[in-house]
$ cat run26.csv   # CSV, C-alpha atoms
chain,number,residue,atom,x,y,z
A,264,MET,CA,137.2,-22.6,-39.3
A,265,LYS,CA,140.8,-23.1,-38.2
A,266,GLN,CA,141.3,-23.1,-34.5
A,267,ARG,CA,144.5,-21.0,-34.8
A,268,TRP,CA,142.6,-18.3,-36.7
A,269,MET,CA,139.9,-18.3,-34.1
A,270,SER,CA,142.2,-17.2,-31.3
A,271,GLY,CA,143.7,-14.5,-33.5
A,272,ARG,CA,140.4,-13.1,-34.4
A,273,ARG,CA,139.1,-13.2,-30.9
A,274,ALA,CA,142.0,-11.1,-29.8
A,275,ALA,CA,141.5,-8.7,-32.7
A,276,THR,CA,137.6,-8.5,-32.7
A,277,ALA,CA,135.3,-9.0,-30.0
A,278,ALA,CA,120.8,-17.7,-33.7
A,279,ALA,CA,92.8,-38.4,-33.2
A,280,GLY,CA,92.3,-37.3,-31.7
A,281,ALA,CA,90.8,-40.4,-30.7
A,282,LEU,CA,88.6,-41.7,-33.4
A,283,ALA,CA,85.2,-40.1,-32.7
A,284,LEU,CA,83.0,-42.9,-31.6
A,285,GLY,CA,79.5,-43.1,-33.0
A,286,ALA,CA,76.4,-42.5,-30.8
A,287,THR,CA,76.4,-46.2,-30.0
A,288,LEU,CA,79.3,-48.5,-29.2
A,289,THR,CA,77.9,-51.3,-31.4
A,290,MET,CA,78.4,-49.5,-34.7
A,291,GLN,CA,81.7,-48.8,-36.4
A,292,SER,CA,82.2,-45.8,-38.7
A,293,ALA,CA,82.5,-46.7,-42.4
A,294,ASP,CA,85.1,-43.9,-42.8
A,295,ALA,CA,88.8,-44.4,-42.1
A,296,ALA,CA,90.2,-43.2,-38.8
A,297,PRO,CA,91.9,-39.8,-39.1
A,298,ALA,CA,95.6,-39.7,-39.1
A,299,PRO,CA,97.1,-39.0,-35.6
A,300,ALA,CA,98.1,-35.4,-34.9
A,301,ALA,CA,101.7,-34.6,-35.9
A,302,ALA,CA,104.2,-35.3,-33.1
A,303,PRO,CA,106.4,-32.4,-31.8
A,304,GLN,CA,109.5,-32.0,-34.0
A,305,SER,CA,112.8,-30.1,-34.0
A,306,ALA,CA,113.6,-27.8,-36.9
A,307,ALA,CA,116.1,-30.4,-38.2
A,308,THR,CA,113.6,-33.3,-38.2
A,309,ALA,CA,110.9,-31.0,-39.7
A,310,GLY,CA,113.3,-30.1,-42.5
A,311,GLN,CA,114.0,-33.7,-43.2
A,312,LEU,CA,110.3,-34.5,-43.2
A,313,ALA,CA,109.7,-31.5,-45.6
A,314,HIS,CA,112.2,-33.0,-48.0
A,315,ARG,CA,110.5,-36.4,-47.9
A,316,ILE,CA,107.1,-34.9,-48.5
A,317,ASP,CA,108.4,-32.7,-51.3
A,318,THR,CA,109.9,-35.7,-53.0
A,319,THR,CA,106.9,-37.9,-52.5
A,320,LEU,CA,104.2,-35.3,-53.3
A,321,ALA,CA,106.2,-33.5,-56.0
A,322,GLY,CA,104.2,-30.5,-57.2
A,323,ARG,CA,101.2,-31.2,-55.1
A,324,THR,CA,102.1,-29.1,-52.0
A,325,ALA,CA,102.6,-25.3,-52.0
A,326,GLY,CA,105.5,-24.9,-49.6
A,327,SER,CA,106.1,-25.6,-46.0
A,328,TYR,CA,107.4,-24.0,-42.8
A,329,TYR,CA,108.4,-24.9,-39.3
A,330,ASP,CA,106.0,-23.6,-36.6
A,331,ALA,CA,108.4,-23.2,-33.6
A,332,ARG,CA,105.5,-22.5,-31.3
A,333,SER,CA,103.7,-25.8,-31.9
A,334,LYS,CA,107.0,-27.6,-32.9
A,335,LYS,CA,105.4,-28.9,-36.1
A,336,LEU,CA,106.0,-28.9,-39.8
A,337,VAL,CA,103.1,-27.1,-41.6
A,338,VAL,CA,102.6,-28.0,-45.2
A,339,ASN,CA,100.4,-25.9,-47.6
A,340,VAL,CA,97.9,-27.9,-49.7
A,341,VAL,CA,95.1,-27.0,-52.1
A,342,ASP,CA,93.1,-30.2,-52.1
A,343,ALA,CA,91.8,-32.7,-49.6
A,344,ALA,CA,93.6,-35.8,-51.0
A,345,THR,CA,97.0,-34.1,-50.6
A,346,ALA,CA,96.1,-32.9,-47.1
A,347,ASP,CA,95.4,-36.5,-46.1
A,348,SER,CA,98.7,-37.6,-47.5
A,349,VAL,CA,100.5,-34.9,-45.6
A,350,ARG,CA,98.9,-35.8,-42.3
A,351,LYS,CA,99.7,-39.5,-42.8
A,352,ALA,CA,103.3,-38.5,-43.4
A,353,GLY,CA,103.4,-36.8,-39.9
A,354,ALA,CA,103.0,-33.1,-40.8
A,355,GLU,CA,100.2,-30.6,-40.3
A,356,ALA,CA,98.2,-29.8,-43.5
A,357,ARG,CA,97.1,-26.2,-44.1
A,358,THR,CA,94.7,-25.4,-47.0
A,359,VAL,CA,95.7,-22.3,-49.0
A,360,LYS,CA,94.6,-20.4,-52.1
A,361,HIS,CA,97.6,-20.5,-54.3
A,362,SER,CA,99.1,-23.7,-55.7
A,363,LEU,CA,102.8,-24.3,-56.2
A,364,SER,CA,102.3,-24.1,-60.0
A,365,GLN,CA,100.6,-20.7,-59.6
A,366,LEU,CA,103.5,-19.3,-57.4
A,367,ASN,CA,106.1,-20.7,-59.8
A,368,ALA,CA,104.3,-19.0,-62.7
A,369,THR,CA,104.5,-15.8,-60.7
A,370,ARG,CA,108.2,-16.4,-60.1
A,371,LYS,CA,108.8,-16.9,-63.8
A,372,GLU,CA,107.0,-13.6,-64.6
A,373,LEU,CA,109.1,-11.7,-62.0
A,374,LYS,CA,112.3,-13.1,-63.4
A,375,ALA,CA,111.3,-12.1,-66.9
A,376,LYS,CA,109.9,-8.7,-66.2
A,377,ALA,CA,111.2,-7.5,-62.8
A,378,SER,CA,114.9,-8.4,-62.7
A,379,ILE,CA,115.8,-4.9,-61.5
A,380,PRO,CA,118.9,-4.2,-59.5
A,381,GLY,CA,117.9,-3.8,-55.8
A,382,THR,CA,115.1,-6.3,-55.9
A,383,SER,CA,114.6,-9.8,-54.5
A,384,TRP,CA,111.8,-12.3,-54.3
A,385,SER,CA,111.1,-15.6,-52.6
A,386,MET,CA,108.1,-17.8,-51.9
A,387,ASP,CA,106.7,-17.1,-48.4
A,388,PRO,CA,104.7,-20.2,-47.3
A,389,VAL,CA,103.2,-18.4,-44.4
A,390,SER,CA,101.5,-15.7,-46.6
A,391,ASN,CA,101.2,-18.1,-49.5
A,392,THR,CA,102.5,-15.5,-51.8
A,393,MET,CA,105.8,-14.5,-53.6
A,394,VAL,CA,107.2,-11.7,-51.5
A,395,VAL,CA,108.9,-9.1,-53.6
A,396,LYS,CA,111.3,-6.6,-51.9
A,397,ALA,CA,112.7,-3.4,-53.3
A,398,ASP,CA,115.6,-1.6,-51.7
A,399,ARG,CA,116.1,2.1,-51.4
A,400,THR,CA,117.9,2.3,-54.8
A,401,VAL,CA,114.7,1.2,-56.7
A,402,THR,CA,113.1,4.6,-57.6
A,403,GLY,CA,111.7,6.5,-60.6
A,404,ASP,CA,111.1,4.4,-63.7
A,405,ARG,CA,112.5,1.3,-62.1
A,406,LEU,CA,109.9,1.5,-59.3
A,407,ALA,CA,107.1,2.3,-61.8
A,408,GLN,CA,108.1,-0.8,-63.8
A,409,LEU,CA,108.2,-3.0,-60.6
A,410,ASN,CA,104.8,-1.7,-59.5
A,411,LYS,CA,103.3,-2.4,-62.9
A,412,VAL,CA,104.5,-6.0,-62.9
A,413,VAL,CA,103.4,-6.6,-59.3
A,414,GLN,CA,99.9,-5.2,-59.9
A,415,GLY,CA,99.6,-7.5,-62.9
A,416,LEU,CA,100.2,-10.5,-60.8
A,417,GLY,CA,97.4,-9.8,-58.4
A,418,ASP,CA,97.2,-11.4,-55.0
A,419,THR,CA,100.0,-13.9,-55.7
A,420,VAL,CA,102.5,-11.2,-54.8
A,421,THR,CA,103.2,-9.1,-51.7
A,422,LEU,CA,105.4,-6.1,-52.2
A,423,LYS,CA,107.7,-4.7,-49.5
A,424,ARG,CA,110.2,-1.9,-49.3
A,425,THR,CA,113.6,-2.3,-47.7
A,426,ALA,CA,115.3,0.8,-46.1
A,427,GLY,CA,118.8,-0.4,-46.9
A,428,ARG,CA,120.6,-1.5,-50.1
A,429,PHE,CA,121.0,-5.1,-51.3
A,430,GLN,CA,124.8,-5.6,-51.7
A,431,PRO,CA,127.4,-8.4,-51.3
A,432,LEU,CA,129.0,-8.0,-47.9
A,433,ILE,CA,132.6,-7.7,-48.9
A,434,ALA,CA,135.0,-5.2,-47.3
A,435,GLY,CA,138.6,-4.3,-46.6
A,436,GLY,CA,139.5,-5.1,-43.0
A,437,ASP,CA,140.1,-8.3,-41.0
A,438,ALA,CA,139.7,-12.2,-40.9
A,439,ILE,CA,140.5,-14.0,-44.2
A,440,TRP,CA,142.4,-11.5,-46.3
A,441,GLY,CA,143.2,-10.8,-49.9
A,442,SER,CA,145.2,-8.0,-51.3
A,443,ASN,CA,142.1,-5.8,-51.7
A,444,ALA,CA,139.3,-7.4,-49.7
A,445,ARG,CA,138.3,-9.1,-46.5
A,446,CYS,CA,135.8,-11.9,-46.1
A,447,SER,CA,134.9,-14.6,-43.7
A,448,LEU,CA,135.6,-18.3,-43.8
A,449,GLY,CA,132.5,-20.4,-44.2
A,450,PHE,CA,133.1,-24.1,-43.5
A,451,ASN,CA,136.2,-26.3,-43.7
A,452,VAL,CA,135.7,-29.2,-46.2
A,453,THR,CA,137.7,-31.9,-47.9
A,454,VAL,CA,137.9,-32.7,-51.6
A,455,GLY,CA,139.6,-36.1,-52.4
A,456,GLY,CA,140.9,-36.1,-48.8
A,457,GLN,CA,142.6,-32.8,-49.1
A,458,PRO,CA,141.7,-29.7,-47.0
A,459,TYR,CA,139.8,-26.8,-48.5
A,460,PHE,CA,137.3,-24.2,-47.2
A,461,LEU,CA,134.1,-22.7,-48.7
A,462,THR,CA,133.4,-19.0,-48.8
A,463,ALA,CA,131.3,-16.7,-51.0
A,464,GLY,CA,131.7,-16.6,-54.7
A,465,HIS,CA,132.0,-12.9,-54.9
A,466,CYS,CA,134.9,-13.2,-52.4
A,467,GLY,CA,136.5,-15.8,-54.6
A,468,ASN,CA,136.1,-13.6,-57.7
A,469,ALA,CA,137.9,-10.7,-55.9
A,470,VAL,CA,140.7,-12.7,-54.2
A,471,SER,CA,143.1,-15.4,-55.6
A,472,SER,CA,145.5,-15.6,-52.6
A,473,TRP,CA,144.4,-15.7,-49.0
A,474,SER,CA,146.0,-14.9,-45.7
A,475,ASP,CA,144.8,-15.2,-42.1
A,476,GLN,CA,146.0,-11.7,-41.3
A,477,GLN,CA,146.3,-8.4,-43.1
A,478,GLY,CA,149.5,-8.5,-45.1
A,479,GLY,CA,150.3,-12.0,-43.9
A,480,SER,CA,151.8,-14.9,-45.9
A,481,GLN,CA,149.6,-17.0,-48.1
A,482,ILE,CA,147.7,-19.9,-46.5
A,483,ALA,CA,145.2,-20.7,-49.3
A,484,VAL,CA,144.3,-20.0,-52.9
A,485,THR,CA,141.0,-19.8,-54.7
A,486,GLU,CA,140.6,-22.8,-56.8
A,487,ALA,CA,137.0,-22.2,-58.1
A,488,SER,CA,134.4,-19.5,-57.8
A,489,THR,CA,130.9,-18.8,-59.1
A,490,PHE,CA,129.2,-15.4,-58.9
A,491,PRO,CA,126.7,-14.2,-60.1
A,492,GLY,CA,124.2,-17.0,-60.7
A,493,HIS,CA,125.3,-18.7,-57.5
A,494,ASP,CA,127.5,-17.4,-54.7
A,495,TYR,CA,130.1,-20.0,-53.6
A,496,ALA,CA,133.9,-20.5,-53.9
A,497,LEU,CA,136.3,-23.3,-53.1
A,498,VAL,CA,139.6,-22.4,-51.6
A,499,ARG,CA,142.5,-24.8,-51.2
A,500,TYR,CA,144.9,-24.7,-48.2
A,501,THR,CA,148.5,-24.3,-49.3
A,502,SER,CA,150.1,-24.2,-45.8
A,503,ASP,CA,150.1,-26.5,-42.9
A,504,VAL,CA,147.6,-24.8,-40.6
A,505,ALA,CA,144.9,-26.3,-38.4
A,506,HIS,CA,141.5,-26.6,-40.1
A,507,PRO,CA,139.0,-28.1,-37.7
A,508,SER,CA,135.4,-28.6,-38.8
A,509,ALA,CA,134.0,-25.9,-36.5
A,510,VAL,CA,132.6,-22.4,-36.3
A,511,ASP,CA,134.0,-19.6,-34.2
A,512,LEU,CA,131.5,-18.5,-31.6
A,513,TYR,CA,133.7,-15.5,-30.6
A,514,ASN,CA,133.2,-16.3,-26.9
A,515,GLY,CA,136.2,-18.4,-26.3
A,516,SER,CA,134.6,-21.5,-27.8
A,517,SER,CA,133.6,-23.0,-31.1
A,518,GLN,CA,130.7,-25.0,-32.5
A,519,PRO,CA,131.7,-28.4,-34.1
A,520,ILE,CA,130.1,-28.9,-37.5
A,521,SER,CA,129.3,-32.5,-38.5
A,522,ASP,CA,126.9,-32.3,-41.4
A,523,ALA,CA,125.1,-30.1,-43.9
A,524,ARG,CA,121.4,-29.8,-45.0
A,525,GLU,CA,118.9,-27.5,-46.5
A,526,ALA,CA,117.4,-24.8,-44.2
A,527,THR,CA,113.7,-24.8,-43.3
A,528,VAL,CA,111.4,-21.8,-43.3
A,529,GLY,CA,110.7,-20.8,-39.6
A,530,GLU,CA,114.0,-22.3,-38.4
A,531,GLN,CA,116.0,-20.3,-35.8
A,532,VAL,CA,119.6,-20.0,-37.1
A,533,GLN,CA,122.9,-18.4,-36.2
A,534,ARG,CA,125.6,-16.7,-38.4
A,535,SER,CA,129.3,-16.2,-37.6
A,536,GLY,CA,131.3,-13.6,-39.4
A,537,SER,CA,134.5,-11.5,-38.9
A,538,THR,CA,132.8,-8.1,-38.7
A,539,THR,CA,129.7,-8.7,-36.5
A,540,GLN,CA,130.7,-12.0,-34.9
A,541,VAL,CA,127.7,-14.3,-34.0
A,542,GLN,CA,124.2,-13.1,-34.8
A,543,GLY,CA,120.8,-14.9,-34.8
A,544,GLY,CA,117.5,-14.8,-36.6
A,545,GLN,CA,115.0,-16.8,-38.5
A,546,VAL,CA,114.7,-18.3,-42.0
A,547,THR,CA,111.9,-16.5,-43.8
A,548,GLY,CA,112.2,-17.9,-47.4
A,549,LEU,CA,114.0,-20.4,-49.6
A,550,ASN,CA,115.0,-20.4,-53.3
A,551,ALA,CA,115.2,-16.6,-53.1
A,552,THR,CA,116.3,-14.6,-56.1
A,553,VAL,CA,118.3,-11.4,-55.4
A,554,THR,CA,119.4,-8.9,-58.1
A,555,TYR,CA,122.5,-7.1,-56.8
A,556,GLN,CA,124.1,-4.3,-58.8
A,557,GLU,CA,126.7,-6.9,-59.8
A,558,GLY,CA,124.2,-9.5,-61.1
A,559,GLN,CA,121.4,-11.9,-60.2
A,560,VAL,CA,121.8,-14.8,-57.8
A,561,ASP,CA,119.2,-17.6,-57.5
A,562,GLY,CA,118.4,-20.3,-54.9
A,563,LEU,CA,119.3,-18.3,-51.8
A,564,ILE,CA,118.1,-18.6,-48.2
A,565,ASP,CA,116.3,-15.4,-47.0
A,566,THR,CA,116.6,-14.6,-43.3
A,567,THR,CA,116.1,-11.9,-40.6
A,568,VAL,CA,119.8,-12.3,-39.5
A,569,CYS,CA,121.8,-9.1,-39.7
A,570,ALA,CA,125.3,-8.9,-41.3
A,571,GLU,CA,127.7,-6.2,-42.4
A,572,PRO,CA,130.6,-5.8,-44.9
A,573,GLY,CA,133.3,-8.3,-44.2
A,574,ASP,CA,130.8,-11.0,-43.0
A,575,SER,CA,130.6,-12.3,-46.6
A,576,GLY,CA,131.3,-16.0,-46.9
A,577,GLY,CA,130.7,-16.6,-43.2
A,578,SER,CA,128.8,-19.5,-41.7
A,579,LEU,CA,125.1,-19.9,-41.3
A,580,PHE,CA,124.4,-22.9,-39.0
A,581,ASP,CA,122.0,-24.6,-36.7
A,582,GLY,CA,123.8,-26.4,-34.0
A,583,SER,CA,126.3,-28.8,-35.6
A,584,THR,CA,124.7,-28.5,-39.0
A,585,ALA,CA,126.0,-26.3,-41.8
A,586,LEU,CA,123.3,-24.4,-43.7
A,587,GLY,CA,124.6,-21.5,-45.7
A,588,LEU,CA,127.4,-19.1,-46.8
A,589,THR,CA,126.8,-15.4,-46.2
A,590,SER,CA,126.0,-13.7,-49.6
A,591,GLY,CA,124.6,-10.2,-49.1
A,592,GLY,CA,121.7,-8.2,-47.8
A,593,SER,CA,120.7,-4.9,-46.4
A,594,GLY,CA,120.7,-3.0,-43.1
A,595,ASP,CA,123.2,-3.6,-40.3
A,596,CYS,CA,123.4,-5.1,-36.9
A,597,SER,CA,122.6,-1.8,-35.1
A,598,SER,CA,119.3,-1.0,-36.8
A,599,GLY,CA,118.5,-4.5,-38.1
A,600,GLY,CA,118.4,-5.9,-41.5
A,601,GLU,CA,118.1,-9.1,-43.6
A,602,THR,CA,120.7,-11.4,-45.1
A,603,PHE,CA,120.7,-13.9,-48.0
A,604,PHE,CA,122.8,-17.1,-47.8
A,605,GLN,CA,124.0,-19.5,-50.4
A,606,PRO,CA,122.9,-23.0,-49.4
A,607,VAL,CA,125.9,-25.2,-48.4
A,608,PRO,CA,124.6,-28.5,-49.9
A,609,GLU,CA,124.6,-27.0,-53.4
A,610,ALA,CA,128.2,-25.8,-53.0
A,611,LEU,CA,129.3,-29.2,-51.7
A,612,GLN,CA,127.7,-30.9,-54.7
A,613,ALA,CA,129.2,-28.5,-57.1
A,614,TYR,CA,132.7,-29.2,-55.9
A,615,GLY,CA,132.4,-32.8,-54.8
A,616,ALA,CA,133.3,-31.7,-51.3
A,617,GLN,CA,132.4,-33.0,-47.8
A,618,ILE,CA,132.1,-31.3,-44.5
A,619,GLY,CA,135.2,-32.0,-42.5
$ encode --input "run26.csv" --output "structure tokens"
Amino acid sequence: MKQRWMSGRRAATAAAGALALGATLTMQSADAAPAPAAAPQSAATAGQLAHRIDTTLAGRTAGSYYDARSKKLVVNVVDAATADSVRKAGAEARTVKHSLSQLNATRKELKAKASIPGTSWSMDPVSNTMVVKADRTVTGDRLAQLNKVVQGLGDTVTLKRTAGRFQPLIAGGDAIWGSNARCSLGFNVTVGGQPYFLTAGHCGNAVSSWSDQQGGSQIAVTEASTFPGHDYALVRYTSDVAHPSAVDLYNGSSQPISDAREATVGEQVQRSGSTTQVQGGQVTGLNATVTYQEGQVDGLIDTTVCAEPGDSGGSLFDGSTALGLTSGGSGDCSSGGETFFQPVPEALQAYGAQIG
């Protein structure tokens, strides 16, 4: 975010155990020594380890998550050989019932038969199922159709109801302004050495010219935007305003942003947006599919973070690391809710952009 904008918004608006020795000390076991227990990890290092394990053991694991209590990456497996490989890599192996191929088959069935407005689904590595959520608009024939699909998929699916309504969080109001909408700036980036910023694609679809105050002069223009399918937009600065690589914390300070990576299930995260400022929560799912009334978006981060209209496009981050752009969700920051985020690395790759 640009430092000058931050001060304006703050004025306007107030997350081996030792090898078991044999009965005698003169006899060595013929078996290999077990791998040492996984060392304590941060969410960032656990995420990096998860990526390496996914790459090395492609298709053999069934998801992973960060256990904040034990500070370890837990990787789901369905066979002993993969469990051994996971332990040797430095993670904790957990034997589960459903393989990745089974869960992906369930995902495919859901996309084909349950792409109903007001629904979402993502793989939950903790329950080892695809968690399907239906908001309050899914009723009558649509609910009957969803129940039929879910029942046919057996115990690979967990169905939950959401009290609110899944919707992109765009609004008229404050922060980065268009003629008919308000959104939030995500992250400042560069493309070919020139300054840009990322925001949500549904914001970019709605607004071509941006200002940092309602009715103000143009400071940026939307250069590219994708929604639905994905939810990211690239906006080019057209005026000489400050654009530091930082996120507004709405407490008189900012969080510098130095890099971007994929989120990790179980990671504690924060979101900054122009309506509800800074809110925290936990990542609960990756590669989530959400079917808004406006269309379906794939590959999102599912979280327990709350958000409200106008927060769209805002920053999801963990310390100095950019994770996501606020897409949409349900609920609010008074009663609670959940929010979906577009992963930042995908947006950077799509536009050839860099954090900065």
$ closest_atom_pairs --input "run26.csv" --of "range 409-460 of chain A" --to "range 346-368 of chain A" --cutoff "10 Å" --atoms "all atoms listed in the file" --output "JSON lines"
{"residue": "A:Leu416", "atom": "CA", "partner": "A:Ala368", "partner_atom": "CA", "distance": 9.6}
{"residue": "A:Asp418", "atom": "CA", "partner": "A:His361", "partner_atom": "CA", "distance": 9.1}
{"residue": "A:Thr419", "atom": "CA", "partner": "A:Leu366", "partner_atom": "CA", "distance": 6.7}
{"residue": "A:Val420", "atom": "CA", "partner": "A:Leu366", "partner_atom": "CA", "distance": 8.6}
$ closest_residue --input "run26.csv" --among "A:Gly594, A:Gly515, A:Gly310, A:Gly529" --to "Tyr329 in chain A" --atoms "only C-alpha atoms"
A:Gly529
$ residues_around --input "run26.csv" --residues "Arg534 in chain A" --least-positions-apart "5" --cutoff "6 Å" --atoms "all atoms listed in the file" --output "count of residues only"
4
$ atom_distance --input "run26.csv" --atom1 "CA of Gly591 in chain A" --atom2 "CA of Asp398 in chain A"
12.7 Å
$ closest_residue --input "run26.csv" --among "A:Val452, A:Ala523, A:Ala325, A:Val553" --to "Ile379 in chain A" --atoms "all atoms listed in the file"
A:Val553
$ atom_distance --input "run26.csv" --atom1 "CA of Gly479 in chain A" --atom2 "CA of Gly619 in chain A"
25.1 Å
$ residues_around --input "run26.csv" --residues "Phe460 in chain A" --least-positions-apart "5" --cutoff "6 Å" --atoms "all atoms listed in the file" --output "ChimeraX atom specification"
/A:450-452,498
$ atom_distance --input "run26.csv" --atom1 "CA of Gly449 in chain A" --atom2 "CA of Leu512 in chain A"
12.8 Å
$ closest_residue --input "run26.csv" --among "A:Ile618, A:Leu432, A:Gln533, A:Gly455" --to "Ala509 in chain A" --atoms "only C-alpha atoms"
A:Ile618
$ residues_near_point --input "run26.csv" --point "(153.4, -20.5, -45.5)" --cutoff "6 Å" --atoms "only C-alpha atoms" --output "number ranges by chain"
A: 480-482, 502
$ write_last_selection --input "run26.csv" --atoms "C-alpha atoms" --output "PDB file, in the frame of the given file"
ATOM      1  CA  SER A 480     151.800 -14.900 -45.900  1.00  0.00           C
ATOM      2  CA  GLN A 481     149.600 -17.000 -48.100  1.00  0.00           C
ATOM      3  CA  ILE A 482     147.700 -19.900 -46.500  1.00  0.00           C
ATOM      4  CA  SER A 502     150.100 -24.200 -45.800  1.00  0.00           C
TER       5      SER A 502
END
$ residues_around --input "run26.csv" --residues "Cys466 in chain A" --least-positions-apart "3" --cutoff "10 Å" --atoms "all atoms listed in the file" --output "list of chain:residue names"
A:Pro431, A:Leu432, A:Ile433, A:Ala434, A:Ile439, A:Trp440, A:Gly441, A:Ala444, A:Arg445, A:Cys446, A:Ser447, A:Thr462, A:Ala463, A:Ala469, A:Val470, A:Ser471, A:Thr485, A:Ser488, A:Thr489, A:Phe490, A:Asp494, A:Tyr495, A:Ala496, A:Gly573, A:Ser575, A:Gly576, A:Ser590
$ closest_residue --input "run26.csv" --among "A:Ser508, A:Ser474, A:Gln430, A:Ser390" --to "Asp595 in chain A" --atoms "all atoms listed in the file"
A:Gln430
$ residues_around --input "run26.csv" --residues "Arg499 in chain A" --least-positions-apart "5" --cutoff "7 Å" --atoms "only C-alpha atoms" --output "ChimeraX atom specification"
/A:458-460,483-486
$ build_atoms --input "run26.csv" --residues "range 427-433 of chain A" --atoms "all heavy atoms" --output "mmCIF file, in the coordinates of the input"
data_model
loop_
_atom_site.group_PDB
_atom_site.id
_atom_site.type_symbol
_atom_site.label_atom_id
_atom_site.label_comp_id
_atom_site.auth_asym_id
_atom_site.auth_seq_id
_atom_site.Cartn_x
_atom_site.Cartn_y
_atom_site.Cartn_z
ATOM 1 N N GLY A 427 117.422 -0.348 -46.539
ATOM 2 C CA GLY A 427 118.800 -0.400 -46.900
ATOM 3 C C GLY A 427 119.022 -0.648 -48.414
ATOM 4 O O GLY A 427 118.144 -0.428 -49.241
ATOM 5 N N ARG A 428 120.207 -1.155 -48.752
ATOM 6 C CA ARG A 428 120.600 -1.500 -50.100
ATOM 7 C C ARG A 428 121.097 -2.881 -50.193
ATOM 8 O O ARG A 428 121.975 -3.243 -49.421
ATOM 9 C CB ARG A 428 121.649 -0.491 -50.622
ATOM 10 C CG ARG A 428 122.224 -0.800 -51.994
ATOM 11 C CD ARG A 428 123.219 0.287 -52.411
ATOM 12 N NE ARG A 428 123.845 -0.019 -53.684
ATOM 13 C CZ ARG A 428 125.022 -0.613 -53.823
ATOM 14 N NH1 ARG A 428 125.711 -0.979 -52.747
ATOM 15 N NH2 ARG A 428 125.531 -0.840 -55.015
ATOM 16 N N PHE A 429 120.548 -3.705 -51.091
ATOM 17 C CA PHE A 429 121.000 -5.100 -51.300
ATOM 18 C C PHE A 429 122.428 -5.027 -51.879
ATOM 19 O O PHE A 429 122.622 -4.454 -52.957
ATOM 20 C CB PHE A 429 120.106 -5.875 -52.164
ATOM 21 C CG PHE A 429 118.745 -6.147 -51.574
ATOM 22 C CD1 PHE A 429 117.609 -6.139 -52.365
ATOM 23 C CD2 PHE A 429 118.601 -6.422 -50.226
ATOM 24 C CE1 PHE A 429 116.365 -6.398 -51.831
ATOM 25 C CE2 PHE A 429 117.359 -6.682 -49.669
ATOM 26 C CZ PHE A 429 116.233 -6.659 -50.478
ATOM 27 N N GLN A 430 123.393 -5.639 -51.193
ATOM 28 C CA GLN A 430 124.800 -5.600 -51.700
ATOM 29 C C GLN A 430 125.526 -6.823 -51.130
ATOM 30 O O GLN A 430 125.246 -7.272 -50.011
ATOM 31 C CB GLN A 430 125.481 -4.352 -51.337
ATOM 32 C CG GLN A 430 125.546 -4.096 -49.834
ATOM 33 C CD GLN A 430 126.181 -2.776 -49.486
ATOM 34 O OE1 GLN A 430 127.023 -2.264 -50.229
ATOM 35 N NE2 GLN A 430 125.800 -2.203 -48.362
ATOM 36 N N PRO A 431 126.474 -7.357 -51.894
ATOM 37 C CA PRO A 431 127.400 -8.400 -51.300
ATOM 38 C C PRO A 431 128.149 -7.764 -50.185
ATOM 39 O O PRO A 431 128.549 -6.598 -50.247
ATOM 40 C CB PRO A 431 128.292 -8.731 -52.508
ATOM 41 C CG PRO A 431 127.546 -8.298 -53.722
ATOM 42 C CD PRO A 431 126.772 -7.074 -53.302
ATOM 43 N N LEU A 432 128.382 -8.530 -49.130
ATOM 44 C CA LEU A 432 129.000 -8.000 -47.900
ATOM 45 C C LEU A 432 130.466 -8.190 -47.852
ATOM 46 O O LEU A 432 130.999 -8.868 -46.985
ATOM 47 C CB LEU A 432 128.266 -8.584 -46.687
ATOM 48 C CG LEU A 432 126.754 -8.334 -46.646
ATOM 49 C CD1 LEU A 432 126.108 -9.114 -45.517
ATOM 50 C CD2 LEU A 432 126.462 -6.840 -46.499
ATOM 51 N N ILE A 433 131.149 -7.583 -48.780
ATOM 52 C CA ILE A 433 132.600 -7.700 -48.900
ATOM 53 C C ILE A 433 133.224 -6.384 -48.400
ATOM 54 O O ILE A 433 132.626 -5.324 -48.557
ATOM 55 C CB ILE A 433 133.046 -8.056 -50.287
ATOM 56 C CG1 ILE A 433 134.493 -8.528 -50.315
ATOM 57 C CG2 ILE A 433 132.814 -6.914 -51.241
ATOM 58 C CD1 ILE A 433 134.891 -9.142 -51.640
#
